[in-house]
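Novice: Sharing a structure, written as structure tokens. Questions coming.
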Amino acid sequence: MAFLGRGMLTNSNLKKMSLVAAAATGIGLGLMYANSRQQVRDPSARPIQQPAAKSPPAQNVWRLPEDDEDEVQAALNRGAQFPASMNFPDLKLHNNVMASTLTPAIYGELSRRVTPNGCTLDECIQTGVDNPGHPFIKTVGMVAGDEECYEVFKELFDPVIEERHNGYGTDEIHPTDLDSSKIRGGNLDPAYVLSSRVRTGRSIRGLSLPPHCSRAERRMVESVVVRALGNLTGDLRGTYYPLSQMTDDEQQQLIDDHFLFDKPVSPLLTCAGMARDWPDARGIWHNADKNFLVWINEEDHTRLISMEKGGNIRAVFERFCKGLNEVESLIQSEGWEYMWSEHLGYILTCPSNLGTGLRAGVHVKLPRLSQDARFDEILDKLRLQKRGTGGVDTASTNGIFDISNNDRLGQSEVQLVQRVIDGVDLLIKMEKQLEKNRTINNLMPK
């Protein structure tokens, strides 16, 4: 059994510390004793004594029941550690999936566990504890520190995954399909679609994920991936630009190309440990045509991106599949492999990206349709989501939206890209109807 706190508490302030902590958390105590350890007391220390009488509790201050105070004191006198219930986070005002799922009982059990790489439950949930929620989006509220977190802490991860991924059950098998020849259509009207992009993430098995990794692990990720990318040929041959060694000219060019990723500033990421040691072992690789990119050690070990101007998302997906398969083959030739399981598909840091990790999106002009009161309902029925062109939480400019798939897990890459193609094609038809002042009632998705 592994405990989060390993120090022995032996001085006479233990009772004060325990009662203050309990009052702050406002929950009942379930005792967890370290039976295999004996308390070593300083002979010169004053003995811990029960007070002769207990003062009446102050108004509006939570206190332990007297019987519990006695039990906690007795346990602490025997050298026990603080009970897990005293360490349970205050989630009363939180609005994320983790907070609505985590109970004192689950926390009490999982806080005793640790993954083989040393990741604890508290590391996984810290970002959700520090960030109560989003005003418009119910965030996940937790991350994985390594691949094993999804199994070691499954009593929490499983229900979080089920809620985030539209009821995905614990017995389901995730399909993977990177055969781009199965795509139907996909050359969307360039008068409406300004650009197309498909991206995903991949993690190197055996190395901890960004919230928990050491500097050595992060540098190993960079080394493994850069060696593989260096062996790409043909239209995928490219150049790696480490953030720590980038010249001013290189940096400006990457900014002009909209390729450069910055140090995370969002509390959701910084509280998860994503910005540690920045910019050590981070970098950007892209091919000569600048339509296939790889980000290294940003939110995941790698982000692989295929993109181009216009509406030919079919061509973008073809390049995406080709690049993804070739990079994986080269990584395997070095003796490494990606994190993957039959149930969860490709393993990434955030549970929201499990499965395919895929986001296929287009920047599309919908100035009239976006003014229709049913716009959000239409997107929901198509299982699509909208953003401003500046990313999450940004507003649309001139009726231009970033439209992408809402799902990641439980459907294959081909299925998700096809959903975007069919959905955006319908949105464009609706926009054209509205331009002619015609009804779109006959085009409404069921």
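To be explicit about the labels: the chains of the structure tokens are called A, B, and onward in the order shown, and within each one the residues are counted from 1, while ligands get numbers from 1 in the order they are shown.
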Set the distance at 12 Å and use only C-alpha atoms: which residues neighbour Leu260 in chain A once local chain neighbours fewer than 2 positions away are removed? I'd like the list as a list in words.

Specialist: Tyr241, Pro242, Leu243, Met246, Glu250, Gln251, Gln252, Gln253, Leu254, Ile255, Asp256, Asp257, His258, Asp262, Lys263, Arg282, Gly283, Ile284, Trp285, His286, Leu293, Val294, Trp295, Ile296 and Glu298 of chain A

Novice: Considering only strand (DSSP E or B) as DSSP defines it on the backbone, what residues of range 179-257 of chain A qualify? List them as an MDAnalysis selection string.

Specialist: chainID A and resid 187 193:202 204 238:242

Novice: As an exercise, work out the distance from CA of Ala288 in chain A to CA of Val316 in chain A in Å and give it to one decimal place.

Specialist: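 So the answer is 15.5 Å.
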
Novice: Give me the residues within 7 Å of range 194-196 of chain A as a VMD selection string, counting only C-alpha atoms and dropping any in the same chain fewer than 2 places off.

Specialist: chain A and resid 190 192 307 to 313 361 to 364

Novice: Write a file of the selected residues as an mmCIF file, in the first residue's frame, keeping N, CA and C atoms.

Specialist:
data_model
loop_
_atom_site.group_PDB
_atom_site.id
_atom_site.type_symbol
_atom_site.label_atom_id
_atom_site.label_comp_id
_atom_site.auth_asym_id
_atom_site.auth_seq_id
_atom_site.Cartn_x
_atom_site.Cartn_y
_atom_site.Cartn_z
ATOM 1 N N PRO A 190 -14.514 26.115 -51.922
ATOM 2 C CA PRO A 190 -13.503 27.056 -51.418
ATOM 3 C C PRO A 190 -14.015 28.487 -51.294
ATOM 4 N N TYR A 192 -16.426 29.175 -49.527
ATOM 5 C CA TYR A 192 -16.898 29.226 -48.142
ATOM 6 C C TYR A 192 -15.853 28.683 -47.155
ATOM 7 N N MET A 307 -2.443 20.255 -42.808
ATOM 8 C CA MET A 307 -3.254 21.449 -43.049
ATOM 9 C C MET A 307 -2.955 22.031 -44.420
ATOM 10 N N GLU A 308 -3.918 22.792 -44.933
ATOM 11 C CA GLU A 308 -3.691 23.555 -46.157
ATOM 12 C C GLU A 308 -4.833 24.551 -46.347
ATOM 13 N N LYS A 309 -4.609 25.522 -47.202
ATOM 14 C CA LYS A 309 -5.643 26.489 -47.530
ATOM 15 C C LYS A 309 -6.719 25.833 -48.399
ATOM 16 N N GLY A 310 -7.945 26.340 -48.304
ATOM 17 C CA GLY A 310 -9.022 25.845 -49.144
ATOM 18 C C GLY A 310 -9.795 24.715 -48.484
ATOM 19 N N GLY A 311 -10.678 24.099 -49.268
ATOM 20 C CA GLY A 311 -11.623 23.138 -48.722
ATOM 21 C C GLY A 311 -11.351 21.687 -49.034
ATOM 22 N N ASN A 312 -10.146 21.357 -49.512
ATOM 23 C CA ASN A 312 -9.876 19.962 -49.874
ATOM 24 C C ASN A 312 -9.437 19.176 -48.638
ATOM 25 N N ILE A 313 -10.385 18.917 -47.751
ATOM 26 C CA ILE A 313 -10.051 18.205 -46.520
ATOM 27 C C ILE A 313 -9.723 16.750 -46.805
ATOM 28 N N GLY A 361 -11.034 19.916 -38.691
ATOM 29 C CA GLY A 361 -11.771 21.171 -38.693
ATOM 30 C C GLY A 361 -11.538 22.007 -39.934
ATOM 31 N N VAL A 362 -12.480 22.908 -40.185
ATOM 32 C CA VAL A 362 -12.353 23.858 -41.286
ATOM 33 C C VAL A 362 -12.722 25.243 -40.779
ATOM 34 N N HIS A 363 -12.133 26.258 -41.377
ATOM 35 C CA HIS A 363 -12.566 27.636 -41.180
ATOM 36 C C HIS A 363 -13.561 27.937 -42.295
ATOM 37 N N VAL A 364 -14.799 28.183 -41.923
ATOM 38 C CA VAL A 364 -15.858 28.299 -42.915
ATOM 39 C C VAL A 364 -16.697 29.556 -42.655
#

Novice: Considering only C-alpha atoms, return as a list in words whatever protein or nucleic-acid residues lie within 12 Å of Lys429 in chain A, sequence-local ones (same chain, fewer than 6 positions apart) excluded.

Specialist: Leu188, Asp189, Tyr192, Lys365, Leu366, Arg368, Leu369, Asp422, Gly423, Glu435, Lys436, Arg438, Thr439, Ile440, Asn441, Asn442, Leu443 and Met444 of chain A

Novice: Per DSSP on the backbone, what are the alpha helix (DSSP H) residues of range 246-354 of chain A, as a PyMOL selection string?

Specialist: chain A and resi 248-256+267-270+313-333

Novice: Show which residues sit within 6 Å of range 198-202 of chain A, as a CSV table (one decimal) with N, CA and C atoms, in the first residue's frame. Count only C-alpha atoms, and ignore same-chain residues fewer than 6 positions away.

Specialist:
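Saved file result_27.csv follows:
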chain,number,residue,atom,x,y,z
A,302,THR,N,3.5,14.4,-28.5
A,302,THR,CA,3.5,15.0,-29.9
A,302,THR,C,2.1,15.4,-30.3
A,303,ARG,N,2.1,16.4,-31.1
A,303,ARG,CA,0.9,16.7,-31.9
A,303,ARG,C,1.2,16.7,-33.4
A,304,LEU,N,0.5,15.9,-34.1
A,304,LEU,CA,0.8,15.8,-35.6
A,304,LEU,C,-0.4,16.5,-36.3
A,305,ILE,N,0.0,17.4,-37.3
A,305,ILE,CA,-1.0,18.2,-37.9
A,305,ILE,C,-0.8,18.2,-39.4
A,306,SER,N,-1.9,18.0,-40.1
A,306,SER,CA,-1.9,18.2,-41.6
A,306,SER,C,-2.8,19.3,-41.9
A,357,GLY,N,-8.0,10.9,-30.7
A,357,GLY,CA,-7.3,12.2,-30.4
A,357,GLY,C,-7.4,13.1,-31.6
A,358,LEU,N,-8.4,12.8,-32.5
A,358,LEU,CA,-8.5,13.5,-33.7
A,358,LEU,C,-9.4,14.7,-33.7
A,359,ARG,N,-8.9,15.8,-34.2
A,359,ARG,CA,-9.8,17.0,-34.5
A,359,ARG,C,-9.6,17.4,-35.9
A,360,ALA,N,-10.7,17.2,-36.7
A,360,ALA,CA,-10.7,17.6,-38.1
A,360,ALA,C,-11.6,18.8,-38.2

Novice: Calculated over only C-alpha atoms, which of the candidates A:Val265, A:Ala315, A:Leu382, A:Leu354 has the smallest distance to Ile183 in chain A?

Specialist: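 Checking each candidate against Ile183 in chain A, we get A:Ala315 as the closest.
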
Novice: Give me, as a Markdown table, each residue of range 313-377 of chain A that comes within 10 Å of range 129-143 of chain A, together with its shortest interatomic pair and the distance in Å at one decimal, counting only C-alpha atoms, with rows ordered by chain and rising residue number.

Specialist:
| residue | atom | partner | partner_atom | distance |
| --- | --- | --- | --- | --- |
| A:Leu348 | CA | A:Val143 | CA | 8.9 |
| A:Thr349 | CA | A:Val143 | CA | 5.6 |
| A:Cys350 | CA | A:Val143 | CA | 4.8 |
| A:Pro351 | CA | A:Val143 | CA | 6.5 |
| A:Ser352 | CA | A:Val140 | CA | 7.0 |

Novice: Env of range 225-239 of chain A: 8 Å cut, atoms = only C-alpha atoms, seq-sep filter 4 positions within chain, self excluded. Answer as a ChimeraX atom specification.

Specialist: /A:221,285-289,292,296,323,326-327,330-331,334

Novice: I need the residues from that last selection saved to file as a PDB file, in the first residue's frame (with N, CA, C and O atoms), if you can.

Specialist:
ATOM      1  N   VAL A 221      11.713  11.916 -25.054  1.00  0.00           N
ATOM      2  CA  VAL A 221      10.643  12.065 -26.045  1.00  0.00           C
ATOM      3  C   VAL A 221      11.155  12.859 -27.245  1.00  0.00           C
ATOM      4  O   VAL A 221      10.979  12.452 -28.405  1.00  0.00           O
ATOM      5  N   TRP A 285       8.512  20.879 -35.711  1.00  0.00           N
ATOM      6  CA  TRP A 285       9.047  20.342 -36.958  1.00  0.00           C
ATOM      7  C   TRP A 285       7.999  20.555 -38.047  1.00  0.00           C
ATOM      8  O   TRP A 285       6.796  20.430 -37.802  1.00  0.00           O
ATOM      9  N   HIS A 286       8.444  20.895 -39.256  1.00  0.00           N
ATOM     10  CA  HIS A 286       7.511  20.932 -40.381  1.00  0.00           C
ATOM     11  C   HIS A 286       8.234  20.568 -41.666  1.00  0.00           C
ATOM     12  O   HIS A 286       9.460  20.710 -41.785  1.00  0.00           O
ATOM     13  N   ASN A 287       7.455  20.088 -42.633  1.00  0.00           N
ATOM     14  CA  ASN A 287       8.040  19.712 -43.921  1.00  0.00           C
ATOM     15  C   ASN A 287       8.259  20.958 -44.773  1.00  0.00           C
ATOM     16  O   ASN A 287       7.855  22.071 -44.413  1.00  0.00           O
ATOM     17  N   ALA A 288       8.893  20.772 -45.929  1.00  0.00           N
ATOM     18  CA  ALA A 288       9.254  21.914 -46.780  1.00  0.00           C
ATOM     19  C   ALA A 288       8.021  22.646 -47.292  1.00  0.00           C
ATOM     20  O   ALA A 288       8.039  23.878 -47.455  1.00  0.00           O
ATOM     21  N   ASP A 289       6.936  21.921 -47.537  1.00  0.00           N
ATOM     22  CA  ASP A 289       5.712  22.541 -48.047  1.00  0.00           C
ATOM     23  C   ASP A 289       4.864  23.186 -46.946  1.00  0.00           C
ATOM     24  O   ASP A 289       3.831  23.802 -47.247  1.00  0.00           O
ATOM     25  N   PHE A 292       2.590  19.763 -43.207  1.00  0.00           N
ATOM     26  CA  PHE A 292       2.613  18.679 -42.225  1.00  0.00           C
ATOM     27  C   PHE A 292       3.545  19.098 -41.098  1.00  0.00           C
ATOM     28  O   PHE A 292       4.730  19.369 -41.328  1.00  0.00           O
ATOM     29  N   ILE A 296       6.337  19.073 -30.441  1.00  0.00           N
ATOM     30  CA  ILE A 296       6.927  18.141 -29.486  1.00  0.00           C
ATOM     31  C   ILE A 296       6.877  18.722 -28.072  1.00  0.00           C
ATOM     32  O   ILE A 296       7.302  19.848 -27.831  1.00  0.00           O
ATOM     33  N   GLY A 323       1.535  10.576 -43.230  1.00  0.00           N
ATOM     34  CA  GLY A 323       2.547  11.043 -42.286  1.00  0.00           C
ATOM     35  C   GLY A 323       2.486  10.305 -40.961  1.00  0.00           C
ATOM     36  O   GLY A 323       3.519   9.928 -40.390  1.00  0.00           O
ATOM     37  N   GLU A 326       3.899   6.752 -41.347  1.00  0.00           N
ATOM     38  CA  GLU A 326       5.349   6.720 -41.562  1.00  0.00           C
ATOM     39  C   GLU A 326       6.103   7.087 -40.290  1.00  0.00           C
ATOM     40  O   GLU A 326       7.126   6.471 -39.972  1.00  0.00           O
ATOM     41  N   VAL A 327       5.616   8.076 -39.549  1.00  0.00           N
ATOM     42  CA  VAL A 327       6.289   8.447 -38.296  1.00  0.00           C
ATOM     43  C   VAL A 327       6.221   7.293 -37.299  1.00  0.00           C
ATOM     44  O   VAL A 327       7.214   6.966 -36.632  1.00  0.00           O
ATOM     45  N   LEU A 330       8.737   4.594 -38.200  1.00  0.00           N
ATOM     46  CA  LEU A 330      10.111   4.990 -37.881  1.00  0.00           C
ATOM     47  C   LEU A 330      10.370   4.939 -36.384  1.00  0.00           C
ATOM     48  O   LEU A 330      11.475   4.554 -35.952  1.00  0.00           O
ATOM     49  N   ILE A 331       9.394   5.301 -35.584  1.00  0.00           N
ATOM     50  CA  ILE A 331       9.551   5.220 -34.129  1.00  0.00           C
ATOM     51  C   ILE A 331       9.670   3.762 -33.700  1.00  0.00           C
ATOM     52  O   ILE A 331      10.494   3.411 -32.838  1.00  0.00           O
ATOM     53  N   GLU A 334      13.043   2.207 -34.033  1.00  0.00           N
ATOM     54  CA  GLU A 334      13.992   2.582 -32.982  1.00  0.00           C
ATOM     55  C   GLU A 334      13.737   1.807 -31.692  1.00  0.00           C
ATOM     56  O   GLU A 334      14.403   2.036 -30.678  1.00  0.00           O
TER      57      GLU A 334
END

Novice: Just want the 9 Å neighbourhood of range 408-420 of chain A, counted on only C-alpha atoms, with same-chain residues fewer than 3 positions away dropped. Output as a ChimeraX atom specification.

Specialist: /A:165-166,168,172-180,182-186,198,313-314,317,343-345,352-362,382-384,403-405,423-425

Novice: Report the distance between CA of Tyr150 in chain A and CA of Ser329 in chain A in Å, rounded to one decimal place.

Specialist: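 CA of Tyr150 in chain A sits 25.4 Å away from CA of Ser329 in chain A.
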